[in-house]
2 protein chains.
Amino acid sequence: MKRLPVLTLFTAFLYLCVLPLSAGADTVLPSWNDTAPKQAVLDFVADVTTPDSADFVPESERIAVFDNDGTLWSEQPLYFQLFFVIDRVKAMAPQHPEWKTREPFASLLKGDVKQVLEGGEEALLEIVMATHAGMTSEEFSEAISAWIATATHPETGKRFTEMVFQPMLELLDLLRDNGFKTYIVSGGGIAFMRPWTEEVYGIPPEQVIGSSVKTQFEMRDGKPVITRLPEISFIDDKEGKPVGINLHIGKKPIAAFGNSDGDLQMIQWTTAGDGPSFGLYVHHTDAEREWAYDRDSHIGRLDKGFAEAEKNGWTIVDMKKDWKVIYPFEVQ
Amino acid sequence: MKRLPVLTLFTAFLYLCVLPLSAGADTVLPSWNDTAPKQAVLDFVADVTTPDSADFVPESERIAVFDNDGTLWSEQPLYFQLFFVIDRVKAMAPQHPEWKTREPFASLLKGDVKQVLEGGEEALLEIVMATHAGMTSEEFSEAISAWIATATHPETGKRFTEMVFQPMLELLDLLRDNGFKTYIVSGGGIAFMRPWTEEVYGIPPEQVIGSSVKTQFEMRDGKPVITRLPEISFIDDKEGKPVGINLHIGKKPIAAFGNSDGDLQMIQWTTAGDGPSFGLYVHHTDAEREWAYDRDSHIGRLDKGFAEAEKNGWTIVDMKKDWKVIYPFEVQ
């Protein structure tokens, strides 16, 4: 046995073990400014991963949950899943001539999304059901993959998966490097997210929790398939988020990241235990590089969350002040 | 730096890396006889893990799903969860004087389980709802942990967690050593299994899928809790198993292990793809060391599964012939 390769291998092994702990503040979370939120994150991670810390948490309990819309990627002027819905209605319209005169489809086909939104949740649900059901799980997954690979945002012209937040990608990596298991817990469709979250966020399908339609197992031409039914099964928003976490993970996370009142209960649930925990809100304050909105926004409203964050000591990221860059394409 | 500790560490590291590949047939699956099922398992594992094999499967896709009752532990003369239910009814009876005259509780309190079972699914559901709801998720988890630590089987006198199958524990280890993620997919309660599966099977809560009641997030005395409601949310049996797998994992497993017709759809779903896959039935044939039953059993009936296994080339384990030992206490 040659000595050199063995030592090289061993050095590489040691390096891999030690890297997350020894990296300097300038190489960890490089897209975050050296303001309070970055320090709060680093302090928490050090606190729960240092073996002789009173707050040490074993790896199996290091669960971190992330909202998606507005927390990991943008959500303006509409939740990105709604752009999929709109494109899908247009693509399906030739098979549905009745949509030309039937609301909410008629308005949507005329491009009047505002009118559709005024129909409220019911109108949206009708469209979502019409476009998300009636096919197998595999067919739906393929439709999403094909759409997300080419569709672009109406204002930026970027693909939607390019409009993810670079600082949050770095945070996901930091947590995983420190033994955390990272989950998405989103009001968006579980089946809408799963085809691309592993490639974009490093989060595999089994760590994605979201809203869902009912599904059914059946044999079709002797082949087993799972078909999607036009009926809501679960809404993973507000009170639904802790319920979804409990169903899918079965233990309480120790860190939760959101941006709206829809994430309030998830952060409450995560931070209510006796042990160490971390809650963080992303506040959209940058009208130039992204969007600025909070209390008055129909999408991603953040209102009650401010008072709760203050009361409970959660961290609030001011996107304009605390993040050097927003999107990955800014640094490429 | 002393040379010895470094080399010792490195040797230990190498040993850990290489162990699963170099272990001989006598040290792999030691409780399995050298009959066809053991060989089928070893061939499949080698096939999907050998990088230059046409059937190579990357680690992220190596998902194996296991039924619990009758597959990982015994299920006679009653599903073990029903013994918890019986003990719970007895413990709760003083607070429910009406149960003395109200079926199915009256029969159960008199010890006439047969009468309860004749009430069919409805009677069982009523008892399960009465004993499994009305408390928080944490209270229920604590009740399960306290019960499973002390309760014993009426015939063997062993604790229920001692009545797991040693050959299946070895199989779980073998698969995990080869990069598989192992899941439980059981008709039993998800919240009944999660408190003890990690310790007993090495399967963490987030990899346990099962039947569930509806739950609800609420603030109780300013503290967020998840309460269990007396309403079934999901039955993870038969057609429900692929649905549960799709919801929780979001990708198709490549190996499925069961013992009854309740596992049929799960094995069909797992083995129906174009890629390599493995289906296995445990056939209870050993009346001396465990129990012998199949087509005529009310619990764990295996009937349709025989024909499907033959048609599709699934492996069938004959417990009497193929397993050297059944329970861990036989080898301790």
# chains A, B, ... in the order shown; residues from 1 in each chain; ligands from 1
>>> calpha_fit_rmsd(fixed="chain B", moving="chain A")
0.6 Å
>>> select_by_dssp(residues="region 97-241 of chain B", states="strand (DSSP E or B)", output="CSV table (one decimal) with C-alpha atoms, in the first residue's frame")
chain,number,residue,atom,x,y,z
B,136,THR,CA,-53.1,15.8,21.8
B,152,THR,CA,-47.0,-8.4,27.0
B,159,ARG,CA,-43.2,-7.9,25.0
B,164,VAL,CA,-40.4,-8.9,15.6
B,181,LYS,CA,-34.2,4.1,2.4
B,182,THR,CA,-36.6,1.8,4.3
B,183,TYR,CA,-40.2,2.7,4.9
B,184,ILE,CA,-43.1,1.1,6.8
B,185,VAL,CA,-46.4,1.2,5.0
B,186,SER,CA,-49.0,-0.3,7.3
B,187,GLY,CA,-52.7,-0.5,7.8
B,188,GLY,CA,-51.9,0.1,11.5
B,189,GLY,CA,-52.1,3.6,13.0
B,208,VAL,CA,-43.6,5.5,8.7
B,209,ILE,CA,-46.9,5.6,6.7
B,210,GLY,CA,-50.1,4.3,8.2
B,211,SER,CA,-53.8,4.9,8.9
B,212,SER,CA,-54.7,8.1,10.6
B,213,VAL,CA,-57.4,10.0,12.3
B,214,LYS,CA,-58.1,13.7,11.4
B,215,THR,CA,-56.1,16.1,13.5
B,216,GLN,CA,-56.4,19.8,14.2
B,217,PHE,CA,-54.1,22.6,15.2
B,218,GLU,CA,-55.2,24.8,18.1
B,219,MET,CA,-53.9,27.0,20.8
B,220,ARG,CA,-54.5,25.6,24.3
B,223,LYS,CA,-49.6,26.8,23.7
B,224,PRO,CA,-50.0,25.3,20.2
B,225,VAL,CA,-51.1,21.7,20.2
B,226,ILE,CA,-52.3,19.2,17.6
B,227,THR,CA,-55.5,17.4,18.8
B,228,ARG,CA,-56.7,14.1,17.5
B,229,LEU,CA,-60.3,14.0,16.3
B,230,PRO,CA,-62.7,11.0,16.4
B,231,GLU,CA,-62.9,10.8,12.6
B,232,ILE,CA,-60.9,8.6,10.3
B,233,SER,CA,-58.7,10.5,7.8
B,234,PHE,CA,-57.0,7.7,5.9
>>> interface_residues(of="chain B", to="chain A", cutoff="7 Å", atoms="only C-alpha atoms", output="ChimeraX atom specification")
/B:10,205-206,215-217,223-224,239,242-243,248-250,268-269,272
>>> atom_distance(atom1="CA of Phe83 (chain A)", atom2="CA of Val65 (chain A)")
25.0 Å
>>> atom_distance(atom1="CA of Thr50 (chain A)", atom2="CA of Gly202 (chain A)")
24.6 Å
>>> residues_around(residues="Lys110 (chain B)", least_positions_apart="4", cutoff="12 Å", atoms="only C-alpha atoms", output="mmCIF file with N, CA, C and O atoms, in the first residue's frame")
data_model
loop_
_atom_site.group_PDB
_atom_site.id
_atom_site.type_symbol
_atom_site.label_atom_id
_atom_site.label_comp_id
_atom_site.auth_asym_id
_atom_site.auth_seq_id
_atom_site.Cartn_x
_atom_site.Cartn_y
_atom_site.Cartn_z
ATOM 1 N N ILE B 86 -57.626 -2.689 23.667
ATOM 2 C CA ILE B 86 -58.307 -3.396 24.770
ATOM 3 C C ILE B 86 -57.831 -2.867 26.121
ATOM 4 O O ILE B 86 -58.641 -2.540 27.001
ATOM 5 N N VAL B 89 -59.275 0.601 26.675
ATOM 6 C CA VAL B 89 -60.701 0.600 27.062
ATOM 7 C C VAL B 89 -60.821 0.258 28.539
ATOM 8 O O VAL B 89 -61.567 0.905 29.286
ATOM 9 N N LYS B 90 -60.063 -0.741 28.992
ATOM 10 C CA LYS B 90 -60.110 -1.118 30.410
ATOM 11 C C LYS B 90 -59.662 0.037 31.293
ATOM 12 O O LYS B 90 -60.267 0.323 32.325
ATOM 13 N N ALA B 93 -62.359 2.774 31.315
ATOM 14 C CA ALA B 93 -63.721 2.362 31.699
ATOM 15 C C ALA B 93 -64.271 3.104 32.921
ATOM 16 O O ALA B 93 -65.455 3.470 32.934
ATOM 17 N N TRP B 99 -70.209 2.358 29.278
ATOM 18 C CA TRP B 99 -69.648 1.264 28.473
ATOM 19 C C TRP B 99 -70.070 -0.109 28.998
ATOM 20 O O TRP B 99 -70.045 -1.092 28.268
ATOM 21 N N LYS B 100 -70.410 -0.186 30.288
ATOM 22 C CA LYS B 100 -70.779 -1.482 30.882
ATOM 23 C C LYS B 100 -71.956 -2.121 30.167
ATOM 24 O O LYS B 100 -72.088 -3.346 30.138
ATOM 25 N N THR B 101 -72.826 -1.279 29.602
ATOM 26 C CA THR B 101 -74.015 -1.833 28.941
ATOM 27 C C THR B 101 -74.048 -1.509 27.450
ATOM 28 O O THR B 101 -74.991 -1.875 26.761
ATOM 29 N N ARG B 102 -73.040 -0.794 26.976
ATOM 30 C CA ARG B 102 -73.080 -0.369 25.576
ATOM 31 C C ARG B 102 -72.084 -1.161 24.738
ATOM 32 O O ARG B 102 -70.888 -1.190 25.020
ATOM 33 N N GLU B 103 -72.604 -1.818 23.681
ATOM 34 C CA GLU B 103 -71.708 -2.537 22.766
ATOM 35 C C GLU B 103 -71.011 -1.550 21.833
ATOM 36 O O GLU B 103 -71.567 -0.500 21.544
ATOM 37 N N PRO B 104 -69.854 -1.864 21.364
ATOM 38 C CA PRO B 104 -69.085 -3.095 21.581
ATOM 39 C C PRO B 104 -68.258 -3.080 22.865
ATOM 40 O O PRO B 104 -67.575 -4.066 23.148
ATOM 41 N N PHE B 105 -68.351 -1.981 23.631
ATOM 42 C CA PHE B 105 -67.503 -1.851 24.817
ATOM 43 C C PHE B 105 -67.806 -2.916 25.881
ATOM 44 O O PHE B 105 -66.898 -3.453 26.517
ATOM 45 N N ALA B 106 -69.117 -3.223 26.049
ATOM 46 C CA ALA B 106 -69.511 -4.177 27.089
ATOM 47 C C ALA B 106 -68.841 -5.538 26.881
ATOM 48 O O ALA B 106 -68.254 -6.112 27.806
ATOM 49 N N LYS B 114 -64.022 -12.018 20.750
ATOM 50 C CA LYS B 114 -64.644 -12.644 19.576
ATOM 51 C C LYS B 114 -65.964 -11.949 19.229
ATOM 52 O O LYS B 114 -66.258 -11.669 18.071
ATOM 53 N N GLN B 115 -66.734 -11.661 20.255
ATOM 54 C CA GLN B 115 -68.008 -10.957 20.061
ATOM 55 C C GLN B 115 -67.779 -9.570 19.444
ATOM 56 O O GLN B 115 -68.504 -9.146 18.561
ATOM 57 N N VAL B 116 -66.744 -8.897 19.918
ATOM 58 C CA VAL B 116 -66.417 -7.572 19.378
ATOM 59 C C VAL B 116 -66.090 -7.681 17.894
ATOM 60 O O VAL B 116 -66.581 -6.902 17.068
#
>>> closest_residue(among="A:Ile299, A:Ala133, A:Ala255, A:Ile267", to="Leu172 (chain A)", atoms="only C-alpha atoms")
A:Ala255
>>> residues_around(residues="Thr285 (chain B)", least_positions_apart="3", cutoff="6 Å", atoms="only C-alpha atoms", output="ChimeraX atom specification")
/B:292,319-320
>>> write_last_selection(atoms="all heavy atoms", output="mmCIF file, in the first residue's frame")
data_model
loop_
_atom_site.group_PDB
_atom_site.id
_atom_site.type_symbol
_atom_site.label_atom_id
_atom_site.label_comp_id
_atom_site.auth_asym_id
_atom_site.auth_seq_id
_atom_site.Cartn_x
_atom_site.Cartn_y
_atom_site.Cartn_z
ATOM 1 N N ALA B 292 -49.377 -20.563 11.766
ATOM 2 C CA ALA B 292 -49.544 -20.979 10.375
ATOM 3 C C ALA B 292 -50.941 -20.582 9.912
ATOM 4 O O ALA B 292 -51.940 -20.986 10.511
ATOM 5 C CB ALA B 292 -49.340 -22.488 10.229
ATOM 6 N N MET B 319 -41.845 -19.384 5.980
ATOM 7 C CA MET B 319 -41.172 -19.097 7.254
ATOM 8 C C MET B 319 -40.548 -20.339 7.876
ATOM 9 O O MET B 319 -39.459 -20.277 8.450
ATOM 10 C CB MET B 319 -42.152 -18.450 8.249
ATOM 11 C CG MET B 319 -42.466 -16.990 7.921
ATOM 12 S SD MET B 319 -43.730 -16.240 8.983
ATOM 13 C CE MET B 319 -42.833 -15.988 10.506
ATOM 14 N N LYS B 320 -41.237 -21.459 7.759
ATOM 15 C CA LYS B 320 -40.737 -22.681 8.385
ATOM 16 C C LYS B 320 -39.459 -23.179 7.699
ATOM 17 O O LYS B 320 -38.506 -23.586 8.347
ATOM 18 C CB LYS B 320 -41.826 -23.759 8.309
ATOM 19 C CG LYS B 320 -41.547 -24.998 9.112
ATOM 20 C CD LYS B 320 -42.783 -25.877 9.172
ATOM 21 C CE LYS B 320 -42.517 -27.140 9.949
ATOM 22 N NZ LYS B 320 -43.748 -27.952 10.054
#
>>> select_by_dssp(residues="region 15-153 of chain A", states="alpha helix (DSSP H)", output="PyMOL selection string")
chain A and resi 15-22+36-49+80-92+105-109+113-118+120-132+137-148
>>> atom_distance(atom1="CA of Asp34 (chain A)", atom2="CA of Val317 (chain A)")
11.9 Å
>>> residues_around(residues="Tyr281 (chain B)", least_positions_apart="2", cutoff="8 Å", atoms="only C-alpha atoms", output="list in words")
Phe257, Gly258, Asn259, Ser260, Gly279, His283, Ala309, Trp314, Thr315, Ile316 and Val317 of chain B
>>> write_last_selection(atoms="all heavy atoms", output="PDB file, in the first residue's frame")
ATOM      1  N   PHE B 257     -42.393  -5.435   0.502  1.00  0.00           N
ATOM      2  CA  PHE B 257     -42.440  -6.649   1.309  1.00  0.00           C
ATOM      3  C   PHE B 257     -43.750  -6.676   2.096  1.00  0.00           C
ATOM      4  O   PHE B 257     -44.050  -5.737   2.836  1.00  0.00           O
ATOM      5  CB  PHE B 257     -41.250  -6.672   2.276  1.00  0.00           C
ATOM      6  CG  PHE B 257     -39.924  -6.567   1.575  1.00  0.00           C
ATOM      7  CD1 PHE B 257     -39.393  -5.326   1.225  1.00  0.00           C
ATOM      8  CD2 PHE B 257     -39.229  -7.713   1.208  1.00  0.00           C
ATOM      9  CE1 PHE B 257     -38.185  -5.228   0.550  1.00  0.00           C
ATOM     10  CE2 PHE B 257     -38.014  -7.625   0.525  1.00  0.00           C
ATOM     11  CZ  PHE B 257     -37.490  -6.376   0.195  1.00  0.00           C
ATOM     12  N   GLY B 258     -44.515  -7.773   1.935  1.00  0.00           N
ATOM     13  CA  GLY B 258     -45.786  -7.869   2.633  1.00  0.00           C
ATOM     14  C   GLY B 258     -46.083  -9.308   3.020  1.00  0.00           C
ATOM     15  O   GLY B 258     -45.229 -10.191   2.879  1.00  0.00           O
ATOM     16  N   ASN B 259     -47.279  -9.546   3.546  1.00  0.00           N
ATOM     17  CA  ASN B 259     -47.644 -10.908   3.914  1.00  0.00           C
ATOM     18  C   ASN B 259     -49.106 -11.222   3.662  1.00  0.00           C
ATOM     19  O   ASN B 259     -49.537 -12.325   3.939  1.00  0.00           O
ATOM     20  CB  ASN B 259     -47.334 -11.170   5.396  1.00  0.00           C
ATOM     21  CG  ASN B 259     -48.385 -10.554   6.303  1.00  0.00           C
ATOM     22  OD1 ASN B 259     -48.531  -9.330   6.318  1.00  0.00           O
ATOM     23  ND2 ASN B 259     -49.144 -11.366   7.020  1.00  0.00           N
ATOM     24  N   SER B 260     -49.891 -10.245   3.162  1.00  0.00           N
ATOM     25  CA  SER B 260     -51.327 -10.515   3.042  1.00  0.00           C
ATOM     26  C   SER B 260     -51.892  -9.864   1.785  1.00  0.00           C
ATOM     27  O   SER B 260     -51.209  -9.090   1.095  1.00  0.00           O
ATOM     28  CB  SER B 260     -52.074  -9.974   4.262  1.00  0.00           C
ATOM     29  OG  SER B 260     -52.241  -8.577   4.143  1.00  0.00           O
ATOM     30  N   GLY B 279     -40.585  -7.912  -5.404  1.00  0.00           N
ATOM     31  CA  GLY B 279     -41.750  -8.101  -4.553  1.00  0.00           C
ATOM     32  C   GLY B 279     -41.590  -9.369  -3.746  1.00  0.00           C
ATOM     33  O   GLY B 279     -41.093 -10.378  -4.267  1.00  0.00           O
ATOM     34  N   HIS B 283     -44.889 -15.889   3.969  1.00  0.00           N
ATOM     35  CA  HIS B 283     -45.986 -16.843   4.138  1.00  0.00           C
ATOM     36  C   HIS B 283     -45.850 -17.494   5.519  1.00  0.00           C
ATOM     37  O   HIS B 283     -44.826 -18.126   5.819  1.00  0.00           O
ATOM     38  CB  HIS B 283     -45.918 -17.893   3.015  1.00  0.00           C
ATOM     39  CG  HIS B 283     -47.056 -18.869   3.028  1.00  0.00           C
ATOM     40  ND1 HIS B 283     -47.008 -20.061   2.333  1.00  0.00           N
ATOM     41  CD2 HIS B 283     -48.269 -18.849   3.650  1.00  0.00           C
ATOM     42  CE1 HIS B 283     -48.147 -20.730   2.525  1.00  0.00           C
ATOM     43  NE2 HIS B 283     -48.912 -20.013   3.321  1.00  0.00           N
ATOM     44  N   ALA B 309     -48.412 -13.504  -7.083  1.00  0.00           N
ATOM     45  CA  ALA B 309     -46.978 -13.709  -6.884  1.00  0.00           C
ATOM     46  C   ALA B 309     -46.424 -14.642  -7.955  1.00  0.00           C
ATOM     47  O   ALA B 309     -45.353 -14.400  -8.526  1.00  0.00           O
ATOM     48  CB  ALA B 309     -46.715 -14.273  -5.488  1.00  0.00           C
ATOM     49  N   TRP B 314     -42.923 -12.852  -8.023  1.00  0.00           N
ATOM     50  CA  TRP B 314     -42.534 -12.362  -6.710  1.00  0.00           C
ATOM     51  C   TRP B 314     -41.999 -13.534  -5.875  1.00  0.00           C
ATOM     52  O   TRP B 314     -42.350 -14.692  -6.097  1.00  0.00           O
ATOM     53  CB  TRP B 314     -43.731 -11.730  -5.976  1.00  0.00           C
ATOM     54  CG  TRP B 314     -44.365 -10.585  -6.720  1.00  0.00           C
ATOM     55  CD1 TRP B 314     -43.784  -9.801  -7.677  1.00  0.00           C
ATOM     56  CD2 TRP B 314     -45.720 -10.110  -6.581  1.00  0.00           C
ATOM     57  NE1 TRP B 314     -44.681  -8.861  -8.134  1.00  0.00           N
ATOM     58  CE2 TRP B 314     -45.878  -9.022  -7.477  1.00  0.00           C
ATOM     59  CE3 TRP B 314     -46.808 -10.476  -5.781  1.00  0.00           C
ATOM     60  CZ2 TRP B 314     -47.076  -8.315  -7.609  1.00  0.00           C
ATOM     61  CZ3 TRP B 314     -48.003  -9.767  -5.899  1.00  0.00           C
ATOM     62  CH2 TRP B 314     -48.131  -8.700  -6.801  1.00  0.00           C
ATOM     63  N   THR B 315     -41.155 -13.216  -4.919  1.00  0.00           N
ATOM     64  CA  THR B 315     -40.577 -14.218  -4.031  1.00  0.00           C
ATOM     65  C   THR B 315     -41.551 -14.518  -2.890  1.00  0.00           C
ATOM     66  O   THR B 315     -42.198 -13.608  -2.379  1.00  0.00           O
ATOM     67  CB  THR B 315     -39.249 -13.682  -3.466  1.00  0.00           C
ATOM     68  OG1 THR B 315     -38.320 -13.535  -4.549  1.00  0.00           O
ATOM     69  CG2 THR B 315     -38.675 -14.608  -2.411  1.00  0.00           C
ATOM     70  N   ILE B 316     -41.655 -15.801  -2.515  1.00  0.00           N
ATOM     71  CA  ILE B 316     -42.461 -16.146  -1.341  1.00  0.00           C
ATOM     72  C   ILE B 316     -41.560 -16.820  -0.310  1.00  0.00           C
ATOM     73  O   ILE B 316     -40.897 -17.813  -0.611  1.00  0.00           O
ATOM     74  CB  ILE B 316     -43.637 -17.079  -1.702  1.00  0.00           C
ATOM     75  CG1 ILE B 316     -44.621 -16.335  -2.623  1.00  0.00           C
ATOM     76  CG2 ILE B 316     -44.352 -17.542  -0.434  1.00  0.00           C
ATOM     77  CD1 ILE B 316     -45.867 -17.120  -2.976  1.00  0.00           C
ATOM     78  N   VAL B 317     -41.519 -16.251   0.887  1.00  0.00           N
ATOM     79  CA  VAL B 317     -40.767 -16.841   1.984  1.00  0.00           C
ATOM     80  C   VAL B 317     -41.665 -17.824   2.718  1.00  0.00           C
ATOM     81  O   VAL B 317     -42.758 -17.451   3.164  1.00  0.00           O
ATOM     82  CB  VAL B 317     -40.287 -15.751   2.968  1.00  0.00           C
ATOM     83  CG1 VAL B 317     -39.849 -16.379   4.289  1.00  0.00           C
ATOM     84  CG2 VAL B 317     -39.159 -14.930   2.361  1.00  0.00           C
TER      85      VAL B 317
END
>>> closest_residue(among="B:Leu117, B:Ile63, B:Val128, B:Val200", to="Val85 (chain B)", atoms="only C-alpha atoms")
B:Val128
